[in-house]
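Peer 1: My questions will all concern the structure given below.
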Amino acid sequence: MQRDPLVDSLLRDISQLGDAYQNGEQGARERLMSTCQSLFSSLILPAESMLMTQWAHPTHNAVIRLGLDIHLFEALQGDDDGNEMVAPRSQSTSTIAKRTDPKTDPALVGRMLRQLASMGTVRETGPDAFAPTPFARALTRENFRDTVLFIQDDYQPCLSQWPDFFRQNQYALPASSLETPFTYATGCFGQMNYFEYFGRCAPRMGKRFAAMMDVWSRDRPKWFQDGYYPVRERLVEGAASGEEDREEVFLVDVGGPAGDRADRRSGARIEKMGHDFLNEQPIKDVDIGARAYYLHSIIQDWDDETNIRILRSLVPAMRKGYSKILINDYVVPDEGAHWLQTSLDCNLMSTLGARHRTEAEMRRMIDGAGLTVKEIFRHPLSLDCVVEIEIE
């Protein structure tokens, strides 16, 4: 077989990135993973790709899902209680099976563990001996468990309906948030959208969705951290301090499910307030409004028309030259989008008839709301960005 010059190039890149990773260079881990993925894609044969994607991955997911029901990952963890400072202890299949709840046939447990080990979710330490990986340990946590339950029990049926939905929809994009593969699969087509379905029909699904969003946001730089959005220079400096008998509002987290992740030790006063962001922003009863109105993963959930309404609802509460809107969201590159971006984009299409936007599309939408993009900030270790917007 003729050698592929791309493979040789990737091998050289991996060698260099390996050195960079060992030296602690920022972003080396992410570049190394991406390059290794490119190498894997270049080496795998078509038949292997078929069996991997259509056979191994679905089976892997099914084993993980069954593992949750029998508390396999707690049994695998043993007595270390997930303490990552303790080296994972190897156990035999029979010992692990005795810890499952409900008690499960050791032969079944062994076959499950071998599948998990072959896919890298657990570590095979010897003949009939296994230990947890960090991912296996994470699967004992409630938010990780709920994420698996949401994706496999609640969202997977939506994906399985894609062929029927798009056939019925003449292979066009969903027309609205009421007419999506999700509403088609759940029998509420044309009646209620994704979020309304949580509240009216499936509160447990809503809880699992929140857990998934928490997991999705983990291990990513926060917008206010060093090297991302310059909070001190762009917000803190020049902010109104307020009079003795009145506090000025610094930041409004628009549509935040639990409020912004502010540090209460700073002494800042944090107040939760219910509000429909399609209606006019109520934080405007001070002379100058809030310093910033922050929208995290909001714009991605709606079509341009709805987003323009959301943005315009903020304008009466803002003061020109003082207030800002901060959109913290993915902006998809024109080329080389990451699998996290493309997967979430398909998820948004399936559930809300929504999408991620390129920079040109984001700017066009914001212009349509009568606002101006001042600057777009990116972090080298993050796939999302902060779009800073002001009144024209």
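Labels for the structure tokens follow display order: chains A, B, ..., residues from 1 in each chain, ligands from 1.
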Run DSSP on the backbone and give me the residues of stretch 168-337 of chain A it puts in alpha helix (DSSP H), as a compact mmCIF listing (two decimals) with C-alpha atoms, in the first residue's frame.
Peer 2:
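What follows is the written file out.txt:
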# COMPACT_ATOMS: atom_id res chain seq x y z
CA GLN A 168 -42.41 14.65 5.55
CA PRO A 181 -37.78 16.45 14.76
CA PHE A 182 -38.21 16.70 18.54
CA THR A 183 -41.82 17.88 18.42
CA TYR A 184 -42.49 15.32 15.70
CA ALA A 185 -41.07 12.49 17.83
CA THR A 186 -42.87 13.55 21.02
CA TYR A 194 -38.80 22.12 23.28
CA PHE A 195 -38.67 24.18 26.48
CA GLU A 196 -42.45 24.38 26.79
CA TYR A 197 -42.56 20.59 26.55
CA PHE A 198 -40.28 20.32 29.59
CA GLY A 199 -42.59 22.47 31.69
CA ARG A 200 -45.91 21.00 30.55
CA CYS A 201 -45.11 17.35 29.96
CA PRO A 203 -40.15 18.09 34.14
CA ARG A 204 -37.72 15.21 34.70
CA MET A 205 -36.47 15.68 31.14
CA GLY A 206 -35.96 19.35 31.92
CA LYS A 207 -33.86 18.44 34.96
CA ARG A 208 -31.74 16.08 32.87
CA PHE A 209 -31.34 18.75 30.20
CA ALA A 210 -30.03 21.17 32.84
CA ALA A 211 -27.54 18.53 33.97
CA MET A 212 -26.37 18.04 30.39
CA MET A 213 -25.84 21.78 29.98
CA ASP A 214 -23.80 21.82 33.19
CA VAL A 215 -21.56 19.01 31.91
CA TRP A 216 -21.32 20.69 28.50
CA SER A 217 -20.05 23.90 30.15
CA VAL A 231 -13.72 42.64 32.31
CA ASP A 304 -33.01 35.55 13.74
CA GLU A 305 -36.43 37.15 14.08
CA THR A 306 -36.79 36.06 17.71
CA ASN A 307 -33.22 37.05 18.54
CA ILE A 308 -33.77 40.50 17.11
CA ARG A 309 -36.77 40.82 19.46
CA ILE A 310 -34.62 39.70 22.40
CA LEU A 311 -31.90 42.21 21.58
CA ARG A 312 -34.30 45.08 20.90
Peer 1: Within 8 Å of A:Lys374, counting only C-alpha atoms, which residues qualify if same-chain residues fewer than 4 places away don't, as a short mmCIF file (atom, residue, chain, number, x, y, z; two decimals) with C-alpha atoms, in the first residue's frame?
Peer 2:
data_model
loop_
_atom_site.label_atom_id
_atom_site.label_comp_id
_atom_site.auth_asym_id
_atom_site.auth_seq_id
_atom_site.Cartn_x
_atom_site.Cartn_y
_atom_site.Cartn_z
CA VAL A 387 -19.47 39.33 21.19
CA GLU A 388 -19.47 42.86 22.63
CA ILE A 389 -22.36 44.99 21.38
CA GLU A 390 -23.32 48.62 21.90
#
Peer 1: Give me, as JSON, numbers by chain, all polymer residues having an atom no more than 12 Å from A:Ser15, counting only C-alpha atoms and skipping those fewer than 3 positions away in the same chain.
Peer 2: {"A": [8, 9, 10, 11, 12, 18, 19, 20, 21, 22, 28, 31, 32, 35, 36]}
Peer 1: Give me the residues within 9 Å of A:Gly190 as a ChimeraX atom specification, counting only C-alpha atoms and dropping any in the same chain fewer than 2 places off.
Peer 2: /A:176-180,183-184,188,192-193
